[in-house]
Amino acid sequence: MALNSDARRKIGISFEFFPPKSEEMEGQLWNAVNELQDWNPDFVSVTYGAGGTTKAPTLATVSRFLAETPLATASHLTCVGATKDETHSVIDSFRKVGVKHFVALRGDAPGGVGAPYQPHPGGYANAAALVAGLREIGDFEISVSAYPEKHPESRDTAADIDMLKQKADNGATRALTQFFFDNDNFERYLEKVRAAGVNIPIVPGIMPIQNLTQLKRFAGACGTVIPAFLDERFAGFDDKPEERAKVAAEVAAEQIEDLARRGLTDFHLYTMNRSPLVSAVLTNLGFTREGARKAGAAA
């Protein structure tokens with residue numbers, strides 16, 4: 001599954017983290033950051049709760065990334081449940097600590113995934129409008145979301161892609177996808193996206209599987225299909241954490257290697273604030289920490 005040296009040179013990676021909710025999780029996050037920064041990611045992102053529920057911890061986490069690490073750091077930004085002025089205030093807070101890259105998202109309805117969504121009467125109606133607002137405010141790098149298996153609230157795939165096109169037309173830099181495991185389905189989705197005139201990079205979101213049972217619950221809420229082959233690959237390893245982690249690293253590395261053969265060159269890894277599995281995936285692909293550091297120094 002290892003990529004050859006030419007393929008590795010073309011690959012760009014990025015990592016997603018989330019703000020810690022306890023002192024123990026704070027330690028876990030920064031241990032992961034210290035380990036994963038050696039892989040020289042193109043950027044990292046930090047998530048942001050719906051309605052600004054995690055603004056303070058996100059701002060604190062992003063600020064520390066920018067102050068204490070060499071990592072280009074993006075902050076997620078949502079517009080749900082906020083006026084435009086409130087959203088602009090949040091943007092200003094992040095810009096003051098050095099944020100130049102936002103991951104612009106609508107955000108889940110206050111009632112949670114599946115609850116009816118109502119735009120705030122004085123706010124941005126959706127992520128496309130938020131992208132346009134960010135473009136008016138400053139020359140930010142702007143990433144947005146994309147859904148190879150359709151957003152759970154979208155009428156159909158065509159409507160979903162139309163929204164992605166609006167985000168691209170309004171100035172988005174790239175799209176980061178929801179995680180998926182069916183590469184054939186992703187390739188079909190990408191063909192439809194390009195046919196619709198969306199030309200920004202569509203970066204596959206890769207989820208190394210920490211726990212398949214938990215992942216299934218999460219996937220059900222966000223519309224991601226869990227293929228039967230994953231049950232087969234993980235069968236018999238419930239009480240064997242080392243073997244389970246080995247399979248998880250192999251599965252994610254195989255997915256990236258296959259996508260690279262199909263012409264994809266950038267990958268966004270959902271770290272879950274843990275480093276061992278992500279590092280194992282990159283090692284399986286033939287990357288080395290030393291090589292990553294040298295690449296960063298030469299950049």
# chains A, B, ... in the order shown; residues from 1 in each chain; ligands from 1
>>> residues_around(residues="Tyr147 of chain A", least_positions_apart="2", cutoff="12 Å", atoms="only C-alpha atoms", output="PyMOL selection string")
chain A and resi 144-145+149-154+156-164+175-180+185-186+189-190+193+202-205+222-225
>>> residues_around(residues="segment 82-97 of chain A", least_positions_apart="6", cutoff="9 Å", atoms="only C-alpha atoms", output="JSON, numbers by chain")
{"A": [51, 52, 55, 59, 62, 63, 66, 67, 75, 119, 120, 121, 122, 123, 124, 130, 133, 134, 137]}
>>> write_last_selection(atoms="N, CA, C and O atoms", output="PDB file, in the first residue's frame")
ATOM      1  N   GLY A  51     -23.722  27.590  16.671  1.00  0.00           N
ATOM      2  CA  GLY A  51     -24.191  28.725  17.452  1.00  0.00           C
ATOM      3  C   GLY A  51     -23.111  29.361  18.308  1.00  0.00           C
ATOM      4  O   GLY A  51     -23.411  30.086  19.249  1.00  0.00           O
ATOM      5  N   GLY A  52     -21.851  29.067  17.992  1.00  0.00           N
ATOM      6  CA  GLY A  52     -20.767  29.663  18.772  1.00  0.00           C
ATOM      7  C   GLY A  52     -20.575  29.016  20.130  1.00  0.00           C
ATOM      8  O   GLY A  52     -19.967  29.599  21.026  1.00  0.00           O
ATOM      9  N   LYS A  55     -16.910  28.934  20.958  1.00  0.00           N
ATOM     10  CA  LYS A  55     -16.070  30.035  20.489  1.00  0.00           C
ATOM     11  C   LYS A  55     -14.853  30.229  21.389  1.00  0.00           C
ATOM     12  O   LYS A  55     -13.721  30.307  20.903  1.00  0.00           O
ATOM     13  N   LEU A  59     -11.140  29.608  20.121  1.00  0.00           N
ATOM     14  CA  LEU A  59     -10.230  30.752  20.030  1.00  0.00           C
ATOM     15  C   LEU A  59      -8.966  30.495  20.840  1.00  0.00           C
ATOM     16  O   LEU A  59      -7.856  30.779  20.394  1.00  0.00           O
ATOM     17  N   VAL A  62      -6.903  27.775  18.909  1.00  0.00           N
ATOM     18  CA  VAL A  62      -6.300  28.336  17.699  1.00  0.00           C
ATOM     19  C   VAL A  62      -5.165  29.291  18.066  1.00  0.00           C
ATOM     20  O   VAL A  62      -4.096  29.278  17.442  1.00  0.00           O
ATOM     21  N   SER A  63      -5.393  30.115  19.091  1.00  0.00           N
ATOM     22  CA  SER A  63      -4.362  31.063  19.520  1.00  0.00           C
ATOM     23  C   SER A  63      -3.086  30.337  19.930  1.00  0.00           C
ATOM     24  O   SER A  63      -1.974  30.762  19.589  1.00  0.00           O
ATOM     25  N   LEU A  66      -1.188  28.989  16.915  1.00  0.00           N
ATOM     26  CA  LEU A  66      -0.472  30.040  16.190  1.00  0.00           C
ATOM     27  C   LEU A  66       0.727  30.568  16.971  1.00  0.00           C
ATOM     28  O   LEU A  66       1.739  30.949  16.377  1.00  0.00           O
ATOM     29  N   ALA A  67       0.618  30.579  18.299  1.00  0.00           N
ATOM     30  CA  ALA A  67       1.693  31.128  19.121  1.00  0.00           C
ATOM     31  C   ALA A  67       2.810  30.129  19.393  1.00  0.00           C
ATOM     32  O   ALA A  67       3.975  30.518  19.517  1.00  0.00           O
ATOM     33  N   SER A  75      -9.392  28.146  11.455  1.00  0.00           N
ATOM     34  CA  SER A  75     -10.482  27.991  12.412  1.00  0.00           C
ATOM     35  C   SER A  75     -11.778  27.710  11.672  1.00  0.00           C
ATOM     36  O   SER A  75     -12.100  28.365  10.680  1.00  0.00           O
ATOM     37  N   PRO A 119     -32.702  29.811   9.318  1.00  0.00           N
ATOM     38  CA  PRO A 119     -31.671  30.848   9.350  1.00  0.00           C
ATOM     39  C   PRO A 119     -32.028  31.953  10.332  1.00  0.00           C
ATOM     40  O   PRO A 119     -33.204  32.282  10.502  1.00  0.00           O
ATOM     41  N   HIS A 120     -31.029  32.507  10.991  1.00  0.00           N
ATOM     42  CA  HIS A 120     -31.281  33.642  11.872  1.00  0.00           C
ATOM     43  C   HIS A 120     -31.752  34.811  11.012  1.00  0.00           C
ATOM     44  O   HIS A 120     -31.161  35.097   9.958  1.00  0.00           O
ATOM     45  N   PRO A 121     -32.823  35.490  11.407  1.00  0.00           N
ATOM     46  CA  PRO A 121     -33.356  36.564  10.554  1.00  0.00           C
ATOM     47  C   PRO A 121     -32.354  37.677  10.262  1.00  0.00           C
ATOM     48  O   PRO A 121     -32.463  38.355   9.235  1.00  0.00           O
ATOM     49  N   GLY A 122     -31.381  37.861  11.134  1.00  0.00           N
ATOM     50  CA  GLY A 122     -30.389  38.903  10.896  1.00  0.00           C
ATOM     51  C   GLY A 122     -29.023  38.353  10.555  1.00  0.00           C
ATOM     52  O   GLY A 122     -28.034  39.074  10.610  1.00  0.00           O
ATOM     53  N   GLY A 123     -28.985  37.059  10.204  1.00  0.00           N
ATOM     54  CA  GLY A 123     -27.689  36.427   9.979  1.00  0.00           C
ATOM     55  C   GLY A 123     -27.501  35.941   8.556  1.00  0.00           C
ATOM     56  O   GLY A 123     -28.308  36.227   7.663  1.00  0.00           O
ATOM     57  N   TYR A 124     -26.434  35.215   8.351  1.00  0.00           N
ATOM     58  CA  TYR A 124     -26.175  34.607   7.046  1.00  0.00           C
ATOM     59  C   TYR A 124     -27.069  33.381   6.888  1.00  0.00           C
ATOM     60  O   TYR A 124     -27.179  32.561   7.794  1.00  0.00           O
ATOM     61  N   LEU A 130     -22.131  32.921   3.948  1.00  0.00           N
ATOM     62  CA  LEU A 130     -21.024  33.176   4.874  1.00  0.00           C
ATOM     63  C   LEU A 130     -19.710  33.332   4.114  1.00  0.00           C
ATOM     64  O   LEU A 130     -18.898  34.214   4.447  1.00  0.00           O
ATOM     65  N   GLY A 133     -19.658  36.726   2.704  1.00  0.00           N
ATOM     66  CA  GLY A 133     -19.382  37.696   3.761  1.00  0.00           C
ATOM     67  C   GLY A 133     -17.912  37.741   4.137  1.00  0.00           C
ATOM     68  O   GLY A 133     -17.339  38.825   4.327  1.00  0.00           O
ATOM     69  N   LEU A 134     -17.283  36.579   4.238  1.00  0.00           N
ATOM     70  CA  LEU A 134     -15.852  36.521   4.538  1.00  0.00           C
ATOM     71  C   LEU A 134     -15.032  37.189   3.442  1.00  0.00           C
ATOM     72  O   LEU A 134     -14.068  37.909   3.729  1.00  0.00           O
ATOM     73  N   ILE A 137     -15.025  40.868   3.868  1.00  0.00           N
ATOM     74  CA  ILE A 137     -14.318  41.353   5.048  1.00  0.00           C
ATOM     75  C   ILE A 137     -12.807  41.359   4.852  1.00  0.00           C
ATOM     76  O   ILE A 137     -12.110  42.283   5.285  1.00  0.00           O
TER      77      ILE A 137
END
>>> residues_around(residues="His76 of chain A", least_positions_apart="5", cutoff="8 Å", atoms="only C-alpha atoms", output="PyMOL selection string")
chain A and resi 45-48+102-105
>>> atom_distance(atom1="atom CA of Gly107 of chain A", atom2="atom CA of Thr78 of chain A")
5.1 Å
>>> closest_residue(among="A:Ala74, A:Ala252, A:Ala221, A:Ala228", to="Lys100 of chain A", atoms="only C-alpha atoms")
A:Ala74
>>> select_by_dssp(residues="segment 57-184 of chain A", states="helix (DSSP H, G or I)", output="VMD selection string")
chain A and resid 57 to 68 84 to 96 127 to 137 157 to 169 183 to 184
>>> closest_residue(among="A:Arg188, A:Arg64, A:Arg174, A:His268", to="His101 of chain A", atoms="only C-alpha atoms")
A:Arg174
>>> select_by_dssp(residues="segment 88-238 of chain A", states="strand (DSSP E)", output="list in words")
His101, Phe102, Val103, Ala104, Leu105, Glu141, Ile142, Ser143, Val144, Ser145, Ala146, Arg174, Ala175, Leu176, Thr177, Gln178, Phe179, Ile202, Val203, Pro204, Gly205 and Ile206 of chain A
>>> atom_distance(atom1="atom CA of Ala253 of chain A", atom2="atom CA of Ile206 of chain A")
9.4 Å
>>> closest_residue(among="A:Val33, A:Val80, A:Leu215, A:Val251", to="Leu282 of chain A", atoms="only C-alpha atoms")
A:Val251
>>> closest_residue(among="A:Ala235, A:Val278, A:Leu212, A:Gly98", to="Gln37 of chain A", atoms="only C-alpha atoms")
A:Val278
>>> atom_distance(atom1="atom CA of Trp39 of chain A", atom2="atom CA of Thr69 of chain A")
12.9 Å
>>> residues_around(residues="Val281 of chain A", least_positions_apart="2", cutoff="7 Å", atoms="only C-alpha atoms", output="PyMOL selection string")
chain A and resi 249-250+252-253+277-279+283-285
